[in-house]
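Inspection log for the structure reproduced underneath, given as structure tokens.
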Amino acid sequence: METTEAKNIIRVLIAKVGLDGHDRGVKIVARCLRDAGMDVIYTGLHRTPEEVVHAAVQEDVDVLGVSILSGAHMTIFPKIIELLRQNQADDIILVGGGVIPDDDVAELRKLGVAEILLQDTPPQTVADTIRDLVTQRAPR
Amino acid sequence: MLFVIKDIRTIVIPSTELVEPVLARNPRAIARLITRAESGDAECRPALEALYAHTGRAQVVGMTGVAGSGKSTLLDMLTVAARKTGRTVAVVAVDPSSPYSGGSILGDRIRMNQLSGDPDVFIRSMATRGALGGLARATHDAVDLLDAAGFDMVFIETVGVGQDEVDVVRAAHTIIVVSAPGLGDDIQAIKAGLLEIADVHVVSKCDRSDAAKTIKELRSMLTLDVDLNRKRAWPIPVLATSSEEAQGVQELLETIDRHRESLETTGEIVQRRRSIAETRVLQTAEAFLRGEFAKHRDGRVSALVERVMAREIDPHGAAQELIAGLQTEN
Amino acid sequence: MIEPKRAQPAMALDDLERQIADWEQNELADFLARQKERKAQFRTIGDFDVKRVYTALDAAETPLEDIGLPGQYPFTRGPYPTMYRGRPWTMRQIAGFGLGADTNKRFKYLLSQGQTGLSTDFDMPTLMGYDSDNPRSLGEVGREGVAVDTLEDMEALYEGIDLEQISVSMTINPTAWILLAMYAALGQRRGRDLNKMSGTIQADILKEYMAQKEWIYPVRPSVRLVRDCITYCTRDMKRFNPINISGYHISEAGASPLQEVAFTLANAVAYIEDVIATGMDVDEFAPRLAFYFVSQADFFEEIAKFRAARRVYAKLMKHRFGARKAESMRLRFHCQTAAATLTKPQFKVNIIRTTLQALAAVLGGAQSLHTNGMDEAFAIPTEEAMKLALRTQQVIADETNVTNVIDPLGGSYFLENLTTRFEKEIFRILDQVDELGGAIKLIEDGWFQAQIAETAYETALRKASGEKPVIGVNKYVEEEMPAIELHPHDESTERRQIENLQRIRRDRDNTRVQALLQRLRDVARDDSKNVMPLTIELVKAQATMGDIVEALRDIWGTYQERPVF
Ligand SMILES: Nc1nc2c(ncn2[C@@H]2O[C@H](COP(=O)(O)OP(=O)(O)OP(=O)(O)O)[C@@H](O)[C@H]2O)c(=O)[nH]1
Ligand SMILES: [Mg+2]
């Protein structure tokens, strides 16, 4: 049976993990992903890795976007990756954002962060990147 | 807790194979099947059908009220209270989709964090995707799924309602309408046409000084509305809650339970179940028809339109012909 | 010698009007016919439209008494009658990383380089009220600021610094009252007169809910803590600024210059009303209210913004709050150049941006200034970057002579006109806030937040389209990223800090701490009491910041935002 509903709307969970509250960037990202036709689950500020992974599983998101501007990215991202594995959910595409030095960007990619979107990435680029990542992934 | 299923990460698992893991309350399986139900993919229908047989046990509670009235905050506290009684809890929280892009920002989860990590709590956000009554089309499917998965209580949070978005009445057994002080001069429940649908009225944010006034007004509205009270065996309570020190939450949970008992003893539960079932049948049928019309838009529909334009047939006759055509096809 | 002739009496304004019409028809029209202007409409970054040229006609809209003189109501031209001719602004570079002792070294270095005040940045756990060994602090201890858990950390932080001679500013908000208590306790321990210690805590919680999003408790109890800081300082630390009402973070979150100032003043109104409600006279505490604004990229707009802020504040204090003392009406502000304008590509260009922004702050009459390091788009600044930033201020102060004349741009047709337009718009927004129920209610409703998010989104789109040029980012882009040396993070920080903390917890009199915490809860429940004295006792008894924060979280809970997009 067919309904009129749009199929396969991309689901993205956007979270601020860690203690910093700089949400100017994530809110712009959330908005441009919505305007690109995606469902964005916004979990707010000051989340723990456990909370976001738990939410990402229940929401069955395609992409988990985590923004960190506190400098704690090398502690927090590895933890999230580990938790995704433990929950058998590492098919969820992990995308990072915030202020992250180049050396760390390279290291994080190696660890399994699919893409890092730094500050001032134009809104359209963010949406395109997310869509490309989801399209490239095997169907599920 | 982990049910042994084929690795959901690497292969496309047929929905029917998710039925068992859903019944075993595997979170990934539940989550994935809800996504498929949302996408309207026919592939998942047999699975949902199989699961439907396992539904009917959960206590389904709808929570509605204008935007920002405190629904999510209250649900977070209610969940904690219900967990303390040993019950498992699921929440389906609905927010509107953008009419322009079809996308959405779903923010109810922000407040539901007290029990993050508890495997006996499952929260799912859902966009309306064009549905108008305050719920998403897949909300019913999600509720069934969670019911089948064995959650004792399933809460539905509607979108922050404006006018007449009351579909939740035909989706839940108990309806809670939340009003908050200071969101405008009128009691919002009245403005939004929610007064009559409530089984329980809640005035949230009672830590605020203007709350007493809201409670008083709501109470007097309810006593004035004689009709409302004559109709029901259940006198509609007005409860005060506050997120500070979780005030009034225990009482609310007890009230919900008492309402449930009252439905059982008066037998009204059967009527409510019937009304939910009826809505589901009719809505699904409508959606089905709409889908069919869309499918045939360029073919059969447009041929009929041409004939109407040429005055060979009138619109009514064309519609009948269209539907008759669908019937013979199926 | 011949008496110099006085200028001709001013041309009558209607003559001027005629002259302008004539100019438009002739010179201008001819020119435009040959070459169009770059744009159809020119605007400030904050979206004020600006004309081709301003004349006495435009300045005439501003009554002369609104321009006035420095150090005199309405203080448009500056809070003091001598301004930088007496003493240049306080050069106050912010610093903070690692443990107290690490930051202390940077402080001493900056003072040796000619800095005249101290400003302290705390790490995220300290800002948010978590002890360093709380799981939520993992990876953040001593990283973006200095870690402070106990009075002992505070001691190390200001070791060897004379608290009566050097003014100390602390960028701290939800936990400000605890650091104020530590600072007071430190002064007492060192035998200092609290009434002689000068300095500032930021303690501006309302702008946190609006913009920077560092919070612990719900809005109303948090505002009460601010009120307690204000009333405590007014009575017992008379030279200390108990609050720094801040627009900086509102701007960094995306607001326009107008929104920055208007929202900041709306917050000020809320704080002042709250203190007055305790029965304190406005002239008793208002003189110690201090402000903090950004200096952004649009040069004249910023100068007009600062001047308008002073004028509006003076009028508010006088007419709305009935202040009688001049000190209650003059707005004093700390200023920081705009971190949001710094870029990673071609990062050295940041020095130039910062220089121009610093000049705008000085021409706008700032009382103290922090200039950003060129590397702050990457990480916290290196010593070298901080030195260059400090030198920027020193060049302006010592080499340019802009400090010799007060408000040298006063009387500029354009600037006076823009200042007055700012003033009108600020009052319009303040009226709107009043009509809708006041700043606190509107914060809870997300009213300000929605407008800030909207401006931020528009700015992002303008940057992406190139409509807002950013050199090195969307214009004159270079592929190559120059190498940069960054401030190294000492990986042993967290361990060292946690060891100290746990030793202190082991060695202290725990029963006493618990008893004091219980008393603190009781005091907190009683809105008519002040939490400061007991908090000072607590930090002296070596209670940690986390102990104190959690005790009150038990009764007040945690704030939950309803975000708007
Ligand atoms: N003072 C006070 N504020 C509350 C209380 N409950 C909720 N709030 C605040 O009210 C705002 C809205 O709360 P939500 O729980 O998101 O309301 P909602 O009805 O779910 O909102 P939507 O889903 O957007 O329609 C938030 O800022 C809450 O912090 C309460 O009991 N007291
Ligand atoms: Mg909600």
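Starting from 1 in every chain, residues are counted up; chains themselves are A, B, ... following the order of the structure tokens, and ligands are numbered from 1 as listed.
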Which residues are near ligand 2 in this structure, taking near to mean any atom at most 12 Å from a ligand atom and counting only C-alpha atoms and all ligand atoms? Format them as a ChimeraX atom specification.
/A:42-43 /B:63-76,91-96,105-112,125-126,156-161,178 /C:560-563
Need to verify the contact set: segment 20-31 of chain A, 6 Å, only C-alpha atoms, exclusion of same-chain residues closer than 4 positions in sequence. Can you return it as a PDB file with N, CA and C atoms, in the first residue's frame?
ATOM      1  N   SER A  70      34.466  23.233  23.867  1.00  0.00           N
ATOM      2  CA  SER A  70      35.140  23.420  25.152  1.00  0.00           C
ATOM      3  C   SER A  70      36.552  22.884  25.137  1.00  0.00           C
TER       4      SER A  70
ATOM      5  N   GLN C 212      24.824  33.009  26.568  1.00  0.00           N
ATOM      6  CA  GLN C 212      26.017  32.169  26.723  1.00  0.00           C
ATOM      7  C   GLN C 212      25.706  30.777  27.251  1.00  0.00           C
ATOM      8  N   LYS C 213      24.523  30.630  27.888  1.00  0.00           N
ATOM      9  CA  LYS C 213      24.010  29.330  28.270  1.00  0.00           C
ATOM     10  C   LYS C 213      24.861  28.599  29.304  1.00  0.00           C
ATOM     11  N   GLU C 214      25.396  29.353  30.236  1.00  0.00           N
ATOM     12  CA  GLU C 214      25.998  28.710  31.396  1.00  0.00           C
ATOM     13  C   GLU C 214      25.055  28.957  32.552  1.00  0.00           C
ATOM     14  N   ALA C 253      26.661  35.507  20.602  1.00  0.00           N
ATOM     15  CA  ALA C 253      25.641  34.516  20.257  1.00  0.00           C
ATOM     16  C   ALA C 253      24.924  34.889  18.966  1.00  0.00           C
ATOM     17  N   TYR C 457      21.282  33.591  12.283  1.00  0.00           N
ATOM     18  CA  TYR C 457      21.018  32.829  11.059  1.00  0.00           C
ATOM     19  C   TYR C 457      21.200  33.715   9.829  1.00  0.00           C
TER      20      TYR C 457
END
Identify all chain C residues at most 8 Å from chain A by counting only C-alpha atoms; ligands do not count. Present them as JSON, numbers by chain.
{"C": [124, 125, 128, 136, 137, 138, 139, 140, 143, 144, 212, 213, 214, 253, 254, 377, 378, 379, 453, 456, 457, 460, 461, 463, 464, 561, 563, 565]}
Show me a table, sorted first by chain and then by increasing residue number, of the residues of chain C having an atom at most 10 Å from ligand 1, each with its shortest atom pair and the distance in Å to one decimal, counting only C-alpha atoms and all ligand atoms and written as a Markdown table.
| residue | atom | partner | partner_atom_place_in_ligand_line | distance |
| --- | --- | --- | --- | --- |
| C:Pro218 | CA | ligand 1 | 1 (N) | 7.6 |
| C:Val219 | CA | ligand 1 | 1 (N) | 8.4 |
| C:Arg220 | CA | ligand 1 | 1 (N) | 8.6 |
| C:Ile443 | CA | ligand 1 | 27 (O) | 9.0 |
| C:Glu444 | CA | ligand 1 | 27 (O) | 5.7 |
| C:Asp445 | CA | ligand 1 | 27 (O) | 6.8 |
| C:Gly446 | CA | ligand 1 | 27 (O) | 7.9 |
| C:Thr558 | CA | ligand 1 | 29 (O) | 9.2 |
| C:Tyr559 | CA | ligand 1 | 29 (O) | 6.5 |
| C:Gln560 | CA | ligand 1 | 29 (O) | 4.8 |
| C:Glu561 | CA | ligand 1 | 27 (O) | 5.0 |
| C:Arg562 | CA | ligand 1 | 27 (O) | 4.5 |
| C:Pro563 | CA | ligand 1 | 27 (O) | 8.1 |
| C:Val564 | CA | ligand 1 | 24 (O) | 9.3 |
With distances taken over only C-alpha atoms, which of C:Pro174, C:Glu537, C:Ala277, C:Tyr217 is nearest to chain B?
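Closest to chain B of all the choices is C:Tyr217.
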Segment 274-281 of chain B environment, 9 Å, only C-alpha atoms, sequence neighbours closer than 6 positions dropped, as a PDB file with C-alpha atoms, in the first residue's frame:
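Dumped to around-v5.pdb:
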ATOM      1  CA  HIS B 140      -0.782   5.061  16.249  1.00  0.00           C
ATOM      2  CA  VAL B 169      -8.835  11.969  21.875  1.00  0.00           C
ATOM      3  CA  ARG B 170      -9.085   9.044  19.527  1.00  0.00           C
ATOM      4  CA  ALA B 171      -5.643   7.724  20.271  1.00  0.00           C
ATOM      5  CA  ALA B 172      -5.481   7.445  24.065  1.00  0.00           C
ATOM      6  CA  HIS B 173      -7.516   6.129  26.970  1.00  0.00           C
TER       7      HIS B 173
END
Can you list, as a PyMOL selection string, all residues belonging to segment 10-68 of chain B that DSSP tags as strand (DSSP E or B)?
chain B and resi 59-65
